[in-house]
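K.L.:
query_20.cif is the file, holding mmCIF, C-alpha atoms:
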data_upload
loop_
_atom_site.group_PDB
_atom_site.id
_atom_site.type_symbol
_atom_site.label_atom_id
_atom_site.label_comp_id
_atom_site.auth_asym_id
_atom_site.auth_seq_id
_atom_site.Cartn_x
_atom_site.Cartn_y
_atom_site.Cartn_z
ATOM 1 C CA MET A 1 108.698 98.549 185.122
ATOM 2 C CA THR A 2 107.266 98.292 188.630
ATOM 3 C CA ASP A 3 104.076 96.316 189.063
ATOM 4 C CA LEU A 4 101.706 98.696 190.841
ATOM 5 C CA LYS A 5 99.715 95.780 192.253
ATOM 6 C CA SER A 6 102.767 94.303 193.989
ATOM 7 C CA GLY A 7 103.061 97.466 196.087
ATOM 8 C CA ALA A 8 99.621 96.565 197.397
ATOM 9 C CA ASN A 9 97.797 99.528 198.822
ATOM 10 C CA LEU A 10 96.395 98.039 201.995
ATOM 11 C CA LEU A 11 94.114 100.951 202.865
ATOM 12 C CA PHE A 12 91.137 98.787 201.927
ATOM 13 C CA LEU A 13 92.027 96.491 204.832
ATOM 14 C CA ARG A 14 91.306 99.068 207.512
ATOM 15 C CA GLU A 15 88.807 98.063 210.185
ATOM 16 C CA GLU A 16 86.058 100.338 208.885
ATOM 17 C CA GLU A 17 86.420 98.999 205.337
ATOM 18 C CA LEU A 18 86.229 95.422 206.561
ATOM 19 C CA ARG A 19 83.156 96.153 208.692
ATOM 20 C CA GLN A 20 81.496 97.889 205.769
ATOM 21 C CA ALA A 21 82.146 94.801 203.612
ATOM 22 C CA ILE A 22 80.493 92.622 206.266
ATOM 23 C CA GLU A 23 77.472 94.920 206.360
ATOM 24 C CA LEU A 24 77.258 94.974 202.569
ATOM 25 C CA LEU A 25 77.162 91.175 202.559
ATOM 26 C CA PHE A 26 74.355 91.172 205.145
ATOM 27 C CA PHE A 27 72.267 93.727 203.241
ATOM 28 C CA ALA A 28 72.936 92.122 199.859
ATOM 29 C CA TYR A 29 71.898 88.701 201.164
ATOM 30 C CA ARG A 30 68.760 90.127 202.769
ATOM 31 C CA ASP A 31 67.679 91.771 199.521
ATOM 32 C CA PHE A 32 68.840 88.879 197.329
ATOM 33 C CA THR A 33 66.593 86.469 199.243
ATOM 34 C CA ALA A 34 63.587 88.757 199.878
ATOM 35 C CA GLU A 35 61.563 88.051 196.715
ATOM 36 C CA PRO A 36 62.242 84.315 196.689
ATOM 37 C CA ASP A 37 61.333 84.163 200.393
ATOM 38 C CA LEU A 38 57.860 85.526 199.575
ATOM 39 C CA LEU A 39 57.347 82.949 196.805
ATOM 40 C CA LEU A 40 58.548 80.169 199.094
ATOM 41 C CA ALA A 41 56.271 81.268 201.932
ATOM 42 C CA GLU A 42 53.281 80.949 199.586
ATOM 43 C CA GLN A 43 54.226 77.269 199.202
ATOM 44 C CA GLY A 44 54.872 76.770 202.937
ATOM 45 C CA LEU A 45 58.619 76.524 202.249
ATOM 46 C CA GLY A 46 61.710 78.359 203.454
ATOM 47 C CA ARG A 47 65.327 79.062 202.514
ATOM 48 C CA ALA A 48 66.500 75.532 203.277
ATOM 49 C CA HIS A 49 63.981 74.256 200.723
ATOM 50 C CA HIS A 50 65.207 76.884 198.261
ATOM 51 C CA ARG A 51 68.819 75.735 198.547
ATOM 52 C CA VAL A 52 67.837 72.097 198.015
ATOM 53 C CA ILE A 53 65.633 72.943 195.025
ATOM 54 C CA TYR A 54 68.350 75.137 193.524
ATOM 55 C CA PHE A 55 71.143 72.556 193.719
ATOM 56 C CA ILE A 56 68.977 69.670 192.524
ATOM 57 C CA GLY A 57 67.925 71.891 189.613
ATOM 58 C CA ARG A 58 71.573 72.696 188.849
ATOM 59 C CA ASP A 59 72.539 69.017 188.865
ATOM 60 C CA PRO A 60 69.608 66.694 188.065
ATOM 61 C CA GLY A 61 70.347 63.214 189.366
ATOM 62 C CA ILE A 62 72.560 64.529 192.175
ATOM 63 C CA THR A 63 73.081 62.032 194.958
ATOM 64 C CA VAL A 64 71.891 62.713 198.473
ATOM 65 C CA SER A 65 75.507 62.449 199.689
ATOM 66 C CA ASP A 66 76.715 65.027 197.149
ATOM 67 C CA LEU A 67 73.890 67.360 198.161
ATOM 68 C CA LEU A 68 74.827 66.919 201.817
ATOM 69 C CA ALA A 69 78.417 67.863 200.988
ATOM 70 C CA ILE A 70 77.356 71.002 199.100
ATOM 71 C CA LEU A 71 74.935 72.189 201.770
ATOM 72 C CA SER A 72 77.139 71.122 204.667
ATOM 73 C CA ILE A 73 74.154 70.137 206.805
ATOM 74 C CA THR A 74 73.232 67.036 208.785
ATOM 75 C CA LYS A 75 71.391 64.090 207.276
ATOM 76 C CA GLN A 76 68.519 64.810 209.645
ATOM 77 C CA SER A 77 68.195 68.411 208.452
ATOM 78 C CA LEU A 78 68.253 67.382 204.810
ATOM 79 C CA ALA A 79 65.799 64.538 205.421
ATOM 80 C CA ARG A 80 63.249 66.909 206.961
ATOM 81 C CA VAL A 81 63.467 69.340 204.021
ATOM 82 C CA LEU A 82 63.716 66.669 201.330
ATOM 83 C CA ASN A 83 60.780 64.665 202.676
ATOM 84 C CA GLN A 84 58.564 67.744 202.503
ATOM 85 C CA LEU A 85 59.700 68.527 198.946
ATOM 86 C CA ILE A 86 58.991 64.937 197.905
ATOM 87 C CA GLU A 87 55.582 64.904 199.631
ATOM 88 C CA ASP A 88 54.660 68.247 198.042
ATOM 89 C CA GLY A 89 55.609 66.956 194.593
ATOM 90 C CA PHE A 90 58.654 69.149 193.910
ATOM 91 C CA VAL A 91 61.305 66.393 193.998
ATOM 92 C CA VAL A 92 61.493 62.726 193.045
ATOM 93 C CA GLN A 93 63.997 60.282 194.438
ATOM 94 C CA SER A 94 65.235 57.168 192.653
ATOM 95 C CA THR A 95 67.761 54.416 193.267
ATOM 96 C CA GLY A 96 71.154 54.552 191.575
ATOM 97 C CA VAL A 97 71.616 52.237 188.590
ATOM 98 C CA LYS A 98 75.249 51.299 189.277
ATOM 99 C CA ASP A 99 75.058 51.552 193.048
ATOM 100 C CA ARG A 100 71.636 50.731 194.437
ATOM 101 C CA ARG A 101 72.577 52.351 197.746
ATOM 102 C CA GLN A 102 72.644 55.746 196.064
ATOM 103 C CA ARG A 103 69.586 57.947 196.186
ATOM 104 C CA LEU A 104 69.359 60.193 193.127
ATOM 105 C CA LEU A 105 67.325 63.398 193.214
ATOM 106 C CA GLU A 106 65.554 65.265 190.435
ATOM 107 C CA LEU A 107 63.009 68.039 190.277
ATOM 108 C CA THR A 108 59.527 67.249 189.016
ATOM 109 C CA ALA A 109 57.840 69.548 186.500
ATOM 110 C CA LYS A 110 56.366 71.378 189.504
ATOM 111 C CA GLY A 111 59.831 71.645 191.071
ATOM 112 C CA ILE A 112 61.385 72.898 187.826
ATOM 113 C CA ALA A 113 58.715 75.588 187.557
ATOM 114 C CA LEU A 114 59.327 76.756 191.134
ATOM 115 C CA GLU A 115 63.118 76.696 190.711
ATOM 116 C CA ARG A 116 62.856 78.803 187.552
ATOM 117 C CA GLN A 117 60.555 81.288 189.264
ATOM 118 C CA LEU A 118 62.865 81.616 192.272
ATOM 119 C CA THR A 119 66.054 81.799 190.231
ATOM 120 C CA GLU A 120 64.652 84.305 187.731
ATOM 121 C CA LYS A 121 64.086 86.866 190.481
ATOM 122 C CA GLN A 122 67.669 86.471 191.645
ATOM 123 C CA ARG A 123 69.073 86.296 188.108
ATOM 124 C CA GLN A 124 67.449 89.637 187.275
ATOM 125 C CA ARG A 125 68.899 91.233 190.409
ATOM 126 C CA VAL A 126 72.407 89.941 189.664
ATOM 127 C CA ALA A 127 72.200 90.897 185.973
ATOM 128 C CA ARG A 128 71.157 94.448 186.874
ATOM 129 C CA ALA A 129 73.974 94.771 189.397
ATOM 130 C CA TYR A 130 76.517 93.380 186.922
ATOM 131 C CA ARG A 131 75.363 95.809 184.199
ATOM 132 C CA GLU A 132 75.628 98.750 186.571
ATOM 133 C CA ALA A 133 79.022 97.741 187.974
ATOM 134 C CA GLY A 134 80.709 96.831 184.687
ATOM 135 C CA PRO A 135 83.017 93.974 183.680
ATOM 136 C CA THR A 136 86.021 94.954 185.794
ATOM 137 C CA ALA A 137 83.900 95.103 188.943
ATOM 138 C CA VAL A 138 82.209 91.810 188.051
ATOM 139 C CA GLU A 139 85.582 90.050 187.792
ATOM 140 C CA GLY A 140 86.684 91.638 191.080
ATOM 141 C CA PHE A 141 83.459 90.587 192.763
ATOM 142 C CA ARG A 142 83.887 87.026 191.505
ATOM 143 C CA LYS A 143 87.448 86.890 192.822
ATOM 144 C CA VAL A 144 86.385 88.142 196.248
ATOM 145 C CA MET A 145 83.446 85.729 196.462
ATOM 146 C CA VAL A 146 85.614 82.750 195.486
ATOM 147 C CA GLU A 147 88.148 83.725 198.147
ATOM 148 C CA LEU A 148 85.364 83.920 200.760
ATOM 149 C CA ILE A 149 84.277 80.322 200.268
ATOM 150 C CA ASP A 150 86.040 77.329 201.766
ATOM 151 C CA PRO A 151 89.006 76.212 199.633
ATOM 152 C CA ARG A 152 87.533 72.710 199.163
ATOM 153 C CA ASP A 153 84.548 74.236 197.333
ATOM 154 C CA ARG A 154 86.558 76.500 195.033
ATOM 155 C CA ARG A 155 87.011 73.715 192.506
ATOM 156 C CA ARG A 156 83.310 74.091 191.693
ATOM 157 C CA PHE A 157 84.206 77.290 189.850
ATOM 158 C CA PRO A 158 86.375 76.411 186.853
ATOM 159 C CA GLY A 159 88.154 79.133 184.973
ATOM 160 C CA ARG A 160 88.880 81.163 188.069
ATOM 161 C CA PRO A 161 92.309 82.741 188.135
ATOM 162 C CA ASP A 162 94.809 81.020 190.397
ATOM 163 C CA ARG A 163 97.316 82.962 192.487
ATOM 164 C CA THR A 164 99.612 83.394 189.456
ATOM 165 C CA GLY A 165 96.843 84.909 187.344
ATOM 166 C CA ARG A 166 96.524 81.837 185.091
ATOM 167 C CA ARG A 167 93.089 80.354 184.669
ATOM 168 C CA GLU A 168 92.224 77.023 186.238
ATOM 169 C CA ASP A 169 90.092 75.281 183.641
ATOM 170 C CA LYS A 170 89.493 71.971 185.332
ATOM 171 C CA ALA A 171 86.344 71.532 187.380
ATOM 172 C CA GLY A 172 86.531 68.885 190.034
ATOM 173 C CA PRO A 173 83.548 66.896 191.218
ATOM 174 C CA GLY A 174 81.026 68.879 193.259
#
Would you write out, as structure tokens, the structure that this file holds?
P.N.:
Amino acid sequence: MTDLKSGANLLFLREEELRQAIELLFFAYRDFTAEPDLLLAEQGLGRAHHRVIYFIGRDPGITVSDLLAILSITKQSLARVLNQLIEDGFVVQSTGVKDRRQRLLELTAKGIALERQLTEKQRQRVARAYREAGPTAVEGFRKVMVELIDPRDRRRFPGRPDRTGRREDKAGPG
């Protein structure tokens, strides 16, 4: 029996389809960030602060160096954002127990509350879109998004199918 997928229909790779995908990403990102942007603005914060709050919330005790690697920004950029979050009482920084050179980051109760508020808006949007699109589309979306990110970051998403269709179940360090 012939595998229909191996005879890949490449019509979706036409210029117009690719441009439409780019535009969809722009519009989706704009709308995905709109509500959180308003909440952040009320606090005098922006998207850079949101990313820092989100990833510290996802991994309490994350090191500054691991956060730098995730965000792929300069130390100076992170320092500016992180210092404001610390001063405003959203984040606390402590020294590593095993390695005193490490700086570990955690959200305060105030930071946790803001992270939950920001994430809930986005979670609702994603949940609605997933419900409307259905499970097959959700899996396709996930595959496309994983392929869009840099290969070194793909290990952050365990259980994703590899090129053979088998699931990779091992998550590497962030």
K.L.:
Using only C-alpha atoms, pick whichever of A:Val138, A:Ala69, A:Val64, A:Ala133 has the shortest atom-to-atom distance to Leu105 (chain A).
P.N.:
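Closest to Leu105 (chain A) of all the choices is A:Val64.
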K.L.:
Against region 18-36 of chain A, which residues of region 41-74 of chain A fall within 9 Å? For each one I want the closest pair of atoms and the distance in Å (one decimal), counting all atoms listed in the file, rows by chain and increasing residue number, as JSON lines.
P.N.:
{"residue": "A:Ala41", "atom": "CA", "partner": "A:Pro36", "partner_atom": "CA", "distance": 8.5}
{"residue": "A:Arg47", "atom": "CA", "partner": "A:Thr33", "partner_atom": "CA", "distance": 8.2}
{"residue": "A:His50", "atom": "CA", "partner": "A:Pro36", "partner_atom": "CA", "distance": 8.2}
K.L.:
Considering only C-alpha atoms, state which residue in the set A:Asn83, A:Thr74, A:Gln117, A:Thr95 is at the smallest distance from Leu40 (chain A).
P.N.:
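Ranked by minimum distance to Leu40 (chain A), first place goes to A:Gln117.
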K.L.:
Spell out the residues picked by the PyMOL selection byres ((chain A and resi 68) around 12) here, as a list in words.
P.N.:
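This file, filtered by the PyMOL selection byres ((chain A and resi 68) around 12), leaves Arg51, Val52, Phe55, Ile56, Ile62, Thr63, Val64, Ser65, Asp66, Leu67, Ala69, Ile70, Leu71, Ser72, Ile73, Thr74, Lys75, Gln76, Ser77, Leu78, Ala79, Val81, Leu82, Arg103, Leu105 and Gly174 of chain A.
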K.L.:
Please report the interatomic distance between CA of Ile53 (chain A) and CA of Ala109 (chain A) in Å with one decimal.
P.N.:
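Atom-to-atom, CA of Ile53 (chain A) and CA of Ala109 (chain A) are spaced 12.0 Å apart.
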K.L.:
Record the distance separating CA of Asp88 (chain A) and CA of Lys110 (chain A), expressed in Å with one decimal.
P.N.:
9.3 Å
K.L.:
How big is the axis-aligned box around the listed atoms of region 142-153 of chain A once 5 Å is added on each side, and where is its centre? Give both in Å to one decimal, as lines of an AutoDock Vina configuration file.
P.N.:
center_x = 86.2
center_y = 80.4
center_z = 196.6
size_x = 15.6
size_y = 25.4
size_z = 20.3
K.L.:
I'd like the contact shell of Gln93 (chain A) - 9 Å cut-off, all atoms listed in the file, skipping same-chain residues fewer than 3 positions apart - returned as a PyMOL selection string.
P.N.:
chain A and resi 61+86+103-107
K.L.:
Could you give me, as a list of chain:residue names, the residues within 12 Å of Glu120 (chain A), counting all atoms listed in the file and dropping anything in the same chain fewer than 3 positions from it?
P.N.:
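Listing them by chain and then by number gives A:Phe32, A:Thr33, A:Glu35, A:Pro36, A:Leu39, A:Tyr54, A:Ile112, A:Ala113, A:Leu114, A:Glu115, A:Arg116, A:Gln117, A:Arg123, A:Gln124, A:Arg125, A:Val126, A:Ala127.
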K.L.:
Interatomic distance between CA of Glu15 (chain A) and CA of Val146 (chain A)?
P.N.:
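CA of Glu15 (chain A) sits 21.5 Å away from CA of Val146 (chain A).
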